[in-house]
Every structure is written in C-alpha cells, then in structure tokens.
$ cat entry.tsv   # TSV, all heavy atoms
chain	number	residue	atom	x	y	z
A	14	MET	N	3.66	-3.39	19.37
A	14	MET	CA	4.29	-2.52	18.41
A	14	MET	C	5.66	-3.08	18.11
A	14	MET	O	6.41	-3.44	18.99
A	14	MET	CB	4.38	-1.11	18.98
A	14	MET	CG	5.17	-0.17	18.12
A	14	MET	SD	5.12	1.56	18.65
A	14	MET	CE	5.99	1.50	20.18
A	15	ILE	N	6.00	-3.12	16.84
A	15	ILE	CA	7.30	-3.60	16.40
A	15	ILE	C	8.01	-2.45	15.71
A	15	ILE	O	7.44	-1.76	14.88
A	15	ILE	CB	7.14	-4.78	15.43
A	15	ILE	CG1	6.43	-5.94	16.10
A	15	ILE	CG2	8.51	-5.22	14.89
A	15	ILE	CD1	6.03	-7.04	15.16
A	16	SER	N	9.26	-2.24	16.06
A	16	SER	CA	10.07	-1.20	15.45
A	16	SER	C	11.29	-1.85	14.82
A	16	SER	O	11.93	-2.69	15.43
A	16	SER	CB	10.53	-0.17	16.50
A	16	SER	OG	11.50	0.69	15.94
A	17	SER	N	11.60	-1.46	13.60
A	17	SER	CA	12.84	-1.93	12.99
A	17	SER	C	13.60	-0.73	12.47
A	17	SER	O	13.03	0.14	11.81
A	17	SER	CB	12.56	-2.93	11.87
A	17	SER	OG	11.69	-2.38	10.91
A	18	ALA	N	14.87	-0.65	12.80
A	18	ALA	CA	15.71	0.48	12.40
A	18	ALA	C	16.03	0.41	10.92
A	18	ALA	O	16.28	-0.66	10.38
A	18	ALA	CB	16.99	0.50	13.23
A	19	GLN	N	16.00	1.53	10.30
A	19	GLN	CA	16.35	1.66	8.89
A	19	GLN	C	17.51	2.64	8.78
A	19	GLN	O	17.79	3.37	9.72
A	19	GLN	CB	15.13	2.17	8.10
A	19	GLN	CG	13.90	1.30	8.22
A	19	GLN	CD	14.09	-0.06	7.61
A	19	GLN	OE1	14.68	-0.19	6.55
A	19	GLN	NE2	13.62	-1.09	8.28
A	20	PRO	N	18.18	2.71	7.63
A	20	PRO	CA	19.27	3.68	7.47
A	20	PRO	C	18.80	5.11	7.74
A	20	PRO	O	17.62	5.43	7.56
A	20	PRO	CB	19.66	3.52	6.00
A	20	PRO	CG	19.19	2.16	5.62
A	20	PRO	CD	17.97	1.89	6.46
A	21	ASP	N	19.72	5.95	8.18
A	21	ASP	CA	19.45	7.38	8.43
A	21	ASP	C	18.40	7.62	9.51
A	21	ASP	O	17.65	8.58	9.47
A	21	ASP	CB	19.03	8.10	7.14
A	21	ASP	CG	20.09	8.03	6.07
A	21	ASP	OD1	21.29	8.00	6.42
A	21	ASP	OD2	19.73	7.99	4.89
A	22	ASN	N	18.31	6.71	10.48
A	22	ASN	CA	17.38	6.85	11.62
A	22	ASN	C	15.91	6.80	11.24
A	22	ASN	O	15.06	7.21	12.01
A	22	ASN	CB	17.67	8.13	12.41
A	22	ASN	CG	19.00	8.04	13.13
A	22	ASN	OD1	19.40	6.97	13.56
A	22	ASN	ND2	19.66	9.15	13.26
A	23	ASP	N	15.58	6.36	10.04
A	23	ASP	CA	14.18	6.13	9.70
A	23	ASP	C	13.72	4.91	10.48
A	23	ASP	O	14.49	4.02	10.79
A	23	ASP	CB	14.00	5.87	8.21
A	23	ASP	CG	14.28	7.09	7.36
A	23	ASP	OD1	14.23	8.21	7.91
A	23	ASP	OD2	14.54	6.93	6.17
A	24	ARG	N	12.44	4.85	10.81
A	24	ARG	CA	11.89	3.73	11.57
A	24	ARG	C	10.60	3.25	10.90
A	24	ARG	O	9.84	4.03	10.35
A	24	ARG	CB	11.56	4.14	13.00
A	24	ARG	CG	12.72	4.66	13.80
A	24	ARG	CD	13.45	3.49	14.46
A	24	ARG	NE	14.40	3.97	15.44
A	24	ARG	CZ	15.70	4.05	15.21
A	24	ARG	NH1	16.18	3.69	14.07
A	24	ARG	NH2	16.52	4.48	16.14
A	25	LEU	N	10.38	1.97	11.00
A	25	LEU	CA	9.15	1.36	10.54
A	25	LEU	C	8.48	0.74	11.75
A	25	LEU	O	9.07	-0.11	12.43
A	25	LEU	CB	9.45	0.27	9.50
A	25	LEU	CG	8.27	-0.58	9.07
A	25	LEU	CD1	7.24	0.28	8.32
A	25	LEU	CD2	8.75	-1.72	8.18
A	26	PHE	N	7.26	1.18	12.05
A	26	PHE	CA	6.50	0.65	13.17
A	26	PHE	C	5.30	-0.09	12.61
A	26	PHE	O	4.61	0.40	11.72
A	26	PHE	CB	5.99	1.79	14.07
A	26	PHE	CG	7.09	2.54	14.77
A	26	PHE	CD1	7.64	3.65	14.20
A	26	PHE	CD2	7.57	2.10	15.99
A	26	PHE	CE1	8.66	4.35	14.84
A	26	PHE	CE2	8.59	2.79	16.64
A	26	PHE	CZ	9.13	3.91	16.06
A	27	THR	N	5.05	-1.27	13.15
A	27	THR	CA	3.85	-2.00	12.77
A	27	THR	C	3.00	-2.22	14.01
A	27	THR	O	3.53	-2.42	15.10
A	27	THR	CB	4.18	-3.36	12.13
A	27	THR	OG1	4.96	-4.13	13.04
A	27	THR	CG2	4.99	-3.17	10.84
A	28	GLY	N	1.71	-2.15	13.84
A	28	GLY	CA	0.79	-2.32	14.95
A	28	GLY	C	-0.50	-1.59	14.65
A	28	GLY	O	-0.69	-1.03	13.58
A	29	ASP	N	-1.39	-1.59	15.59
A	29	ASP	CA	-2.67	-0.89	15.46
A	29	ASP	C	-2.40	0.61	15.55
A	29	ASP	O	-1.93	1.10	16.58
A	29	ASP	CB	-3.61	-1.34	16.58
A	29	ASP	CG	-5.02	-0.81	16.43
A	29	ASP	OD1	-5.19	0.32	15.95
A	29	ASP	OD2	-5.95	-1.54	16.82
A	30	CYS	N	-2.68	1.34	14.48
A	30	CYS	CA	-2.37	2.78	14.45
A	30	CYS	C	-3.08	3.54	15.56
A	30	CYS	O	-2.58	4.57	16.01
A	30	CYS	CB	-2.68	3.38	13.09
A	30	CYS	SG	-4.43	3.39	12.66
A	31	ARG	N	-4.21	3.03	16.04
A	31	ARG	CA	-4.93	3.70	17.13
A	31	ARG	C	-4.15	3.61	18.43
A	31	ARG	O	-4.36	4.42	19.34
A	31	ARG	CB	-6.32	3.09	17.30
A	31	ARG	CG	-7.20	3.26	16.06
A	31	ARG	CD	-8.44	2.44	16.15
A	31	ARG	NE	-8.07	1.02	16.15
A	31	ARG	CZ	-8.93	0.02	16.28
A	31	ARG	NH1	-10.21	0.27	16.44
A	31	ARG	NH2	-8.52	-1.23	16.26
A	32	LEU	N	-3.26	2.64	18.54
A	32	LEU	CA	-2.43	2.48	19.73
A	32	LEU	C	-1.02	3.04	19.52
A	32	LEU	O	-0.45	3.65	20.42
A	32	LEU	CB	-2.34	0.99	20.11
A	32	LEU	CG	-3.67	0.28	20.36
A	32	LEU	CD1	-3.45	-1.20	20.56
A	32	LEU	CD2	-4.39	0.90	21.53
A	33	VAL	N	-0.46	2.80	18.34
A	33	VAL	CA	0.92	3.17	18.07
A	33	VAL	C	1.10	4.69	17.96
A	33	VAL	O	2.00	5.26	18.57
A	33	VAL	CB	1.45	2.48	16.80
A	33	VAL	CG1	2.83	2.98	16.43
A	33	VAL	CG2	1.47	0.97	17.00
A	34	LEU	N	0.24	5.36	17.20
A	34	LEU	CA	0.42	6.80	16.99
A	34	LEU	C	0.33	7.62	18.28
A	34	LEU	O	1.17	8.49	18.50
A	34	LEU	CB	-0.56	7.32	15.94
A	34	LEU	CG	-0.26	6.86	14.51
A	34	LEU	CD1	-1.34	7.34	13.55
A	34	LEU	CD2	1.11	7.34	14.05
A	35	PRO	N	-0.65	7.37	19.16
A	35	PRO	CA	-0.65	8.12	20.42
A	35	PRO	C	0.60	7.87	21.27
A	35	PRO	O	1.12	8.78	21.90
A	35	PRO	CB	-1.91	7.63	21.15
A	35	PRO	CG	-2.80	7.14	20.07
A	35	PRO	CD	-1.88	6.57	19.02
A	36	ARG	N	1.09	6.64	21.25
A	36	ARG	CA	2.30	6.32	22.01
A	36	ARG	C	3.50	7.10	21.46
A	36	ARG	O	4.28	7.66	22.21
A	36	ARG	CB	2.59	4.83	21.96
A	36	ARG	CG	3.84	4.46	22.73
A	36	ARG	CD	4.23	3.03	22.56
A	36	ARG	NE	3.31	2.15	23.26
A	36	ARG	CZ	3.40	0.83	23.25
A	36	ARG	NH1	4.34	0.24	22.57
A	36	ARG	NH2	2.55	0.10	23.92
A	37	LEU	N	3.61	7.14	20.15
A	37	LEU	CA	4.71	7.89	19.53
A	37	LEU	C	4.61	9.38	19.86
A	37	LEU	O	5.61	10.03	20.14
A	37	LEU	CB	4.72	7.68	18.02
A	37	LEU	CG	5.01	6.26	17.54
A	37	LEU	CD1	4.87	6.18	16.02
A	37	LEU	CD2	6.38	5.80	17.99
A	38	THR	N	3.40	9.91	19.84
A	38	THR	CA	3.19	11.32	20.17
A	38	THR	C	3.64	11.62	21.60
A	38	THR	O	4.32	12.61	21.85
A	38	THR	CB	1.71	11.70	19.99
A	38	THR	OG1	1.33	11.45	18.65
A	38	THR	CG2	1.47	13.15	20.31
A	39	ARG	N	3.27	10.75	22.53
A	39	ARG	CA	3.69	10.93	23.92
A	39	ARG	C	5.20	10.89	24.07
A	39	ARG	O	5.77	11.53	24.95
A	39	ARG	CB	3.04	9.88	24.82
A	39	ARG	CG	1.56	10.11	25.07
A	39	ARG	CD	1.03	9.20	26.16
A	39	ARG	NE	1.20	7.79	25.90
A	39	ARG	CZ	0.33	7.02	25.24
A	39	ARG	NH1	-0.79	7.55	24.77
A	39	ARG	NH2	0.56	5.74	25.07
A	40	GLN	N	5.86	10.13	23.21
A	40	GLN	CA	7.32	10.00	23.26
A	40	GLN	C	8.03	11.12	22.50
A	40	GLN	O	9.25	11.17	22.45
A	40	GLN	CB	7.76	8.64	22.71
A	40	GLN	CG	7.30	7.48	23.54
A	40	GLN	CD	7.64	6.14	22.89
A	40	GLN	OE1	8.24	6.07	21.84
A	40	GLN	NE2	7.27	5.07	23.57
A	41	GLY	N	7.25	12.03	21.90
A	41	GLY	CA	7.84	13.16	21.18
A	41	GLY	C	8.33	12.81	19.79
A	41	GLY	O	9.08	13.58	19.18
A	42	VAL	N	7.89	11.68	19.25
A	42	VAL	CA	8.30	11.26	17.91
A	42	VAL	C	7.49	12.03	16.88
A	42	VAL	O	6.27	12.15	17.00
A	42	VAL	CB	8.10	9.73	17.73
A	42	VAL	CG1	8.40	9.31	16.31
A	42	VAL	CG2	8.94	8.97	18.73
A	43	LYS	N	8.15	12.53	15.86
A	43	LYS	CA	7.47	13.21	14.76
A	43	LYS	C	7.25	12.22	13.63
A	43	LYS	O	8.17	11.58	13.16
A	43	LYS	CB	8.30	14.39	14.28
A	43	LYS	CG	8.45	15.46	15.33
A	43	LYS	CD	9.29	16.60	14.85
A	43	LYS	CE	9.43	17.63	15.96
A	43	LYS	NZ	10.31	18.72	15.56
A	44	VAL	N	5.99	12.09	13.21
A	44	VAL	CA	5.62	11.14	12.17
A	44	VAL	C	5.30	11.90	10.89
A	44	VAL	O	4.52	12.84	10.90
A	44	VAL	CB	4.39	10.31	12.61
A	44	VAL	CG1	3.94	9.38	11.49
A	44	VAL	CG2	4.70	9.54	13.88
A	45	GLN	N	5.93	11.47	9.79
A	45	GLN	CA	5.67	12.13	8.51
A	45	GLN	C	4.68	11.36	7.65
A	45	GLN	O	4.00	11.93	6.82
A	45	GLN	CB	6.98	12.33	7.75
A	45	GLN	CG	7.88	13.34	8.41
A	45	GLN	CD	9.08	13.68	7.56
A	45	GLN	OE1	9.25	13.17	6.47
A	45	GLN	NE2	9.90	14.57	8.06
A	46	THR	N	4.61	10.04	7.83
A	46	THR	CA	3.72	9.22	7.02
A	46	THR	C	3.12	8.11	7.86
A	46	THR	O	3.82	7.48	8.64
A	46	THR	CB	4.49	8.58	5.83
A	46	THR	OG1	5.11	9.60	5.06
A	46	THR	CG2	3.56	7.79	4.94
A	47	CYS	N	1.83	7.88	7.67
A	47	CYS	CA	1.15	6.77	8.32
A	47	CYS	C	0.33	6.03	7.26
A	47	CYS	O	-0.54	6.62	6.63
A	47	CYS	CB	0.23	7.29	9.43
A	47	CYS	SG	-0.71	5.98	10.22
A	48	ILE	N	0.66	4.77	7.04
A	48	ILE	CA	-0.06	3.96	6.06
A	48	ILE	C	-0.88	2.94	6.83
A	48	ILE	O	-0.34	2.22	7.66
A	48	ILE	CB	0.91	3.26	5.09
A	48	ILE	CG1	1.73	4.32	4.35
A	48	ILE	CG2	0.15	2.36	4.13
A	48	ILE	CD1	2.85	3.76	3.52
A	49	THR	N	-2.17	2.91	6.56
A	49	THR	CA	-3.04	1.99	7.28
A	49	THR	C	-3.76	1.07	6.30
A	49	THR	O	-3.83	1.34	5.10
A	49	THR	CB	-4.09	2.75	8.11
A	49	THR	OG1	-4.96	3.44	7.21
A	49	THR	CG2	-3.45	3.72	9.07
A	50	SER	N	-4.29	0.00	6.81
A	50	SER	CA	-5.12	-0.92	6.04
A	50	SER	C	-6.38	-1.18	6.85
A	50	SER	O	-6.43	-2.13	7.63
A	50	SER	CB	-4.35	-2.21	5.77
A	50	SER	OG	-5.15	-3.10	5.01
A	51	PRO	N	-7.37	-0.32	6.70
A	51	PRO	CA	-8.60	-0.48	7.48
A	51	PRO	C	-9.34	-1.77	7.10
A	51	PRO	O	-9.13	-2.32	6.03
A	51	PRO	CB	-9.42	0.76	7.14
A	51	PRO	CG	-8.85	1.29	5.89
A	51	PRO	CD	-7.43	0.82	5.79
A	52	PRO	N	-10.22	-2.22	7.98
A	52	PRO	CA	-10.91	-3.49	7.73
A	52	PRO	C	-11.97	-3.44	6.63
A	52	PRO	O	-12.45	-4.47	6.21
A	52	PRO	CB	-11.57	-3.81	9.09
A	52	PRO	CG	-11.68	-2.50	9.77
A	52	PRO	CD	-10.52	-1.67	9.28
A	53	TYR	N	-12.33	-2.26	6.14
A	53	TYR	CA	-13.33	-2.14	5.06
A	53	TYR	C	-14.60	-2.93	5.36
A	53	TYR	O	-15.07	-3.70	4.55
A	53	TYR	CB	-12.73	-2.58	3.72
A	53	TYR	CG	-11.57	-1.72	3.30
A	53	TYR	CD1	-10.28	-2.19	3.40
A	53	TYR	CD2	-11.78	-0.44	2.82
A	53	TYR	CE1	-9.20	-1.40	3.02
A	53	TYR	CE2	-10.73	0.36	2.43
A	53	TYR	CZ	-9.44	-0.12	2.54
A	53	TYR	OH	-8.40	0.66	2.17
A	54	TYR	N	-15.12	-2.73	6.56
A	54	TYR	CA	-16.40	-3.33	6.98
A	54	TYR	C	-16.40	-4.84	6.81
A	54	TYR	O	-17.36	-5.43	6.34
A	54	TYR	CB	-17.55	-2.69	6.22
A	54	TYR	CG	-17.63	-1.21	6.44
A	54	TYR	CD1	-17.18	-0.33	5.48
A	54	TYR	CD2	-18.08	-0.70	7.65
A	54	TYR	CE1	-17.21	1.04	5.71
A	54	TYR	CE2	-18.12	0.66	7.88
A	54	TYR	CZ	-17.68	1.53	6.90
A	54	TYR	OH	-17.72	2.86	7.11
A	55	GLY	N	-15.28	-5.49	7.16
A	55	GLY	CA	-15.21	-6.94	7.16
A	55	GLY	C	-14.94	-7.57	5.80
A	55	GLY	O	-15.08	-8.79	5.66
A	56	LEU	N	-14.57	-6.79	4.81
A	56	LEU	CA	-14.29	-7.35	3.48
A	56	LEU	C	-12.95	-8.06	3.41
A	56	LEU	O	-12.71	-8.82	2.48
A	56	LEU	CB	-14.37	-6.26	2.40
A	56	LEU	CG	-15.74	-5.62	2.24
A	56	LEU	CD1	-15.67	-4.49	1.20
A	56	LEU	CD2	-16.76	-6.65	1.80
A	57	ARG	N	-12.07	-7.82	4.36
A	57	ARG	CA	-10.77	-8.48	4.37
A	57	ARG	C	-10.66	-9.35	5.62
A	57	ARG	O	-11.16	-9.02	6.67
A	57	ARG	CB	-9.64	-7.44	4.39
A	57	ARG	CG	-9.66	-6.53	3.18
A	57	ARG	CD	-8.28	-5.98	2.95
A	57	ARG	NE	-8.16	-4.90	2.01
A	57	ARG	CZ	-8.48	-4.93	0.74
A	57	ARG	NH1	-9.01	-6.00	0.22
A	57	ARG	NH2	-8.30	-3.89	-0.04
A	58	ASP	N	-9.98	-10.46	5.47
A	58	ASP	CA	-9.74	-11.36	6.61
A	58	ASP	C	-8.25	-11.44	6.83
A	58	ASP	O	-7.53	-12.01	6.00
A	58	ASP	CB	-10.32	-12.74	6.33
A	58	ASP	CG	-10.11	-13.70	7.47
A	58	ASP	OD1	-9.59	-13.28	8.54
A	58	ASP	OD2	-10.45	-14.88	7.31
A	59	TYR	N	-7.78	-10.84	7.93
A	59	TYR	CA	-6.35	-10.84	8.23
A	59	TYR	C	-5.93	-12.02	9.08
A	59	TYR	O	-4.80	-12.10	9.51
A	59	TYR	CB	-5.96	-9.53	8.90
A	59	TYR	CG	-6.10	-8.34	7.97
A	59	TYR	CD1	-7.17	-7.48	8.06
A	59	TYR	CD2	-5.14	-8.09	7.01
A	59	TYR	CE1	-7.31	-6.41	7.20
A	59	TYR	CE2	-5.24	-7.01	6.14
A	59	TYR	CZ	-6.34	-6.18	6.24
A	59	TYR	OH	-6.45	-5.12	5.38
A	60	GLY	N	-6.83	-12.92	9.34
A	60	GLY	CA	-6.50	-14.15	10.02
A	60	GLY	C	-6.40	-14.08	11.54
A	60	GLY	O	-5.85	-14.95	12.16
A	61	TYR	N	-6.91	-13.01	12.15
A	61	TYR	CA	-6.93	-12.93	13.61
A	61	TYR	C	-8.10	-12.07	14.05
A	61	TYR	O	-8.61	-11.27	13.28
A	61	TYR	CB	-5.61	-12.38	14.16
A	61	TYR	CG	-5.30	-10.96	13.78
A	61	TYR	CD1	-5.71	-9.89	14.58
A	61	TYR	CD2	-4.59	-10.68	12.63
A	61	TYR	CE1	-5.43	-8.59	14.23
A	61	TYR	CE2	-4.31	-9.36	12.28
A	61	TYR	CZ	-4.72	-8.34	13.09
A	61	TYR	OH	-4.45	-7.04	12.72
A	62	ASP	N	-8.52	-12.29	15.28
A	62	ASP	CA	-9.64	-11.53	15.84
A	62	ASP	C	-9.19	-10.15	16.27
A	62	ASP	O	-8.08	-9.99	16.77
A	62	ASP	CB	-10.23	-12.25	17.06
A	62	ASP	CG	-10.86	-13.58	16.67
A	62	ASP	OD1	-11.34	-13.69	15.53
A	62	ASP	OD2	-10.86	-14.50	17.51
A	63	GLY	N	-10.04	-9.15	16.09
A	63	GLY	CA	-9.71	-7.82	16.59
A	63	GLY	C	-9.80	-6.76	15.61
A	63	GLY	O	-9.70	-6.58	14.55
$ encode --input "entry.tsv" --output "structure tokens"
Amino acid sequence: MISSAQPDNDRLFTGDCRLVLPRLTRQGVKVQTCITSPPYYGLRDYGYDG
C-alpha cells in the first residue's frame, strides 16, 4: 500500500482494494471514495501477475 499526503489531510492510497480497505477500516480511517479498476475477466493486461 502506498500513501501520499495531499493538502487538507486528504490521502491517496494505491494497492489492492481487497487488502487496503480492510486495513484502513481496522485503523479507524473513514473512506469517502474508492475507485477501482477490476480485471474485466482478463481483458486488460497490467503487466504483472496477480
């Protein structure tokens, strides 16, 4: 998971949402927006396995 600070305490997290969102919930972080890019049944190649 990668976090980068933005103005006004906004945060941008990148990573697998199945791993990142539960971790944030356990830490008490409130999430207002989650943008994902699902694999669409193999129609996209992101250049790595998983």
$ atom_distance --input "entry.tsv" --atom1 "CB of Leu34 in chain A" --atom2 "atom O of Cys47 in chain A"
9.3 Å
$ atom_distance --input "entry.tsv" --atom1 "CD1 of Leu32 in chain A" --atom2 "CG of Gln45 in chain A"
22.1 Å
$ atom_distance --input "entry.tsv" --atom1 "CA of Asp23 in chain A" --atom2 "CA of Ser50 in chain A"
20.9 Å
$ select_by_dssp --input "entry.tsv" --residues "range 17-53 of chain A" --states "helix (DSSP H, G or I)" --output "MDAnalysis selection string"
chainID A and resid 20:22 30:39 53
$ write_last_selection --input "entry.tsv" --atoms "all heavy atoms" --output "compact mmCIF listing (two decimals), in the coordinates of the input"
# COMPACT_ATOMS: atom_id res chain seq x y z
N PRO A 20 18.18 2.71 7.63
CA PRO A 20 19.27 3.68 7.47
C PRO A 20 18.80 5.11 7.74
O PRO A 20 17.62 5.43 7.56
CB PRO A 20 19.66 3.52 6.00
CG PRO A 20 19.19 2.16 5.62
CD PRO A 20 17.97 1.89 6.46
N ASP A 21 19.72 5.95 8.18
CA ASP A 21 19.45 7.38 8.43
C ASP A 21 18.40 7.62 9.51
O ASP A 21 17.65 8.58 9.47
CB ASP A 21 19.03 8.10 7.14
CG ASP A 21 20.09 8.03 6.07
OD1 ASP A 21 21.29 8.00 6.42
OD2 ASP A 21 19.73 7.99 4.89
N ASN A 22 18.31 6.71 10.48
CA ASN A 22 17.38 6.85 11.62
C ASN A 22 15.91 6.80 11.24
O ASN A 22 15.06 7.21 12.01
CB ASN A 22 17.67 8.13 12.41
CG ASN A 22 19.00 8.04 13.13
OD1 ASN A 22 19.40 6.97 13.56
ND2 ASN A 22 19.66 9.15 13.26
N CYS A 30 -2.68 1.34 14.48
CA CYS A 30 -2.37 2.78 14.45
C CYS A 30 -3.08 3.54 15.56
O CYS A 30 -2.58 4.57 16.01
CB CYS A 30 -2.68 3.38 13.09
SG CYS A 30 -4.43 3.39 12.66
N ARG A 31 -4.21 3.03 16.04
CA ARG A 31 -4.93 3.70 17.13
C ARG A 31 -4.15 3.61 18.43
O ARG A 31 -4.36 4.42 19.34
CB ARG A 31 -6.32 3.09 17.30
CG ARG A 31 -7.20 3.26 16.06
CD ARG A 31 -8.44 2.44 16.15
NE ARG A 31 -8.07 1.02 16.15
CZ ARG A 31 -8.93 0.02 16.28
NH1 ARG A 31 -10.21 0.27 16.44
NH2 ARG A 31 -8.52 -1.23 16.26
N LEU A 32 -3.26 2.64 18.54
CA LEU A 32 -2.43 2.48 19.73
C LEU A 32 -1.02 3.04 19.52
O LEU A 32 -0.45 3.65 20.42
CB LEU A 32 -2.34 0.99 20.11
CG LEU A 32 -3.67 0.28 20.36
CD1 LEU A 32 -3.45 -1.20 20.56
CD2 LEU A 32 -4.39 0.90 21.53
N VAL A 33 -0.46 2.80 18.34
CA VAL A 33 0.92 3.17 18.07
C VAL A 33 1.10 4.69 17.96
O VAL A 33 2.00 5.26 18.57
CB VAL A 33 1.45 2.48 16.80
CG1 VAL A 33 2.83 2.98 16.43
CG2 VAL A 33 1.47 0.97 17.00
N LEU A 34 0.24 5.36 17.20
CA LEU A 34 0.42 6.80 16.99
C LEU A 34 0.33 7.62 18.28
O LEU A 34 1.17 8.49 18.50
CB LEU A 34 -0.56 7.32 15.94
CG LEU A 34 -0.26 6.86 14.51
CD1 LEU A 34 -1.34 7.34 13.55
CD2 LEU A 34 1.11 7.34 14.05
N PRO A 35 -0.65 7.37 19.16
CA PRO A 35 -0.65 8.12 20.42
C PRO A 35 0.60 7.87 21.27
O PRO A 35 1.12 8.78 21.90
CB PRO A 35 -1.91 7.63 21.15
CG PRO A 35 -2.80 7.14 20.07
CD PRO A 35 -1.88 6.57 19.02
N ARG A 36 1.09 6.64 21.25
CA ARG A 36 2.30 6.32 22.01
C ARG A 36 3.50 7.10 21.46
O ARG A 36 4.28 7.66 22.21
CB ARG A 36 2.59 4.83 21.96
CG ARG A 36 3.84 4.46 22.73
CD ARG A 36 4.23 3.03 22.56
NE ARG A 36 3.31 2.15 23.26
CZ ARG A 36 3.40 0.83 23.25
NH1 ARG A 36 4.34 0.24 22.57
NH2 ARG A 36 2.55 0.10 23.92
N LEU A 37 3.61 7.14 20.15
CA LEU A 37 4.71 7.89 19.53
C LEU A 37 4.61 9.38 19.86
O LEU A 37 5.61 10.03 20.14
CB LEU A 37 4.72 7.68 18.02
CG LEU A 37 5.01 6.26 17.54
CD1 LEU A 37 4.87 6.18 16.02
CD2 LEU A 37 6.38 5.80 17.99
N THR A 38 3.40 9.91 19.84
CA THR A 38 3.19 11.32 20.17
C THR A 38 3.64 11.62 21.60
O THR A 38 4.32 12.61 21.85
CB THR A 38 1.71 11.70 19.99
OG1 THR A 38 1.33 11.45 18.65
CG2 THR A 38 1.47 13.15 20.31
N ARG A 39 3.27 10.75 22.53
CA ARG A 39 3.69 10.93 23.92
C ARG A 39 5.20 10.89 24.07
O ARG A 39 5.77 11.53 24.95
CB ARG A 39 3.04 9.88 24.82
CG ARG A 39 1.56 10.11 25.07
CD ARG A 39 1.03 9.20 26.16
NE ARG A 39 1.20 7.79 25.90
CZ ARG A 39 0.33 7.02 25.24
NH1 ARG A 39 -0.79 7.55 24.77
NH2 ARG A 39 0.56 5.74 25.07
N TYR A 53 -12.33 -2.26 6.14
CA TYR A 53 -13.33 -2.14 5.06
C TYR A 53 -14.60 -2.93 5.36
O TYR A 53 -15.07 -3.70 4.55
CB TYR A 53 -12.73 -2.58 3.72
CG TYR A 53 -11.57 -1.72 3.30
CD1 TYR A 53 -10.28 -2.19 3.40
CD2 TYR A 53 -11.78 -0.44 2.82
CE1 TYR A 53 -9.20 -1.40 3.02
CE2 TYR A 53 -10.73 0.36 2.43
CZ TYR A 53 -9.44 -0.12 2.54
OH TYR A 53 -8.40 0.66 2.17
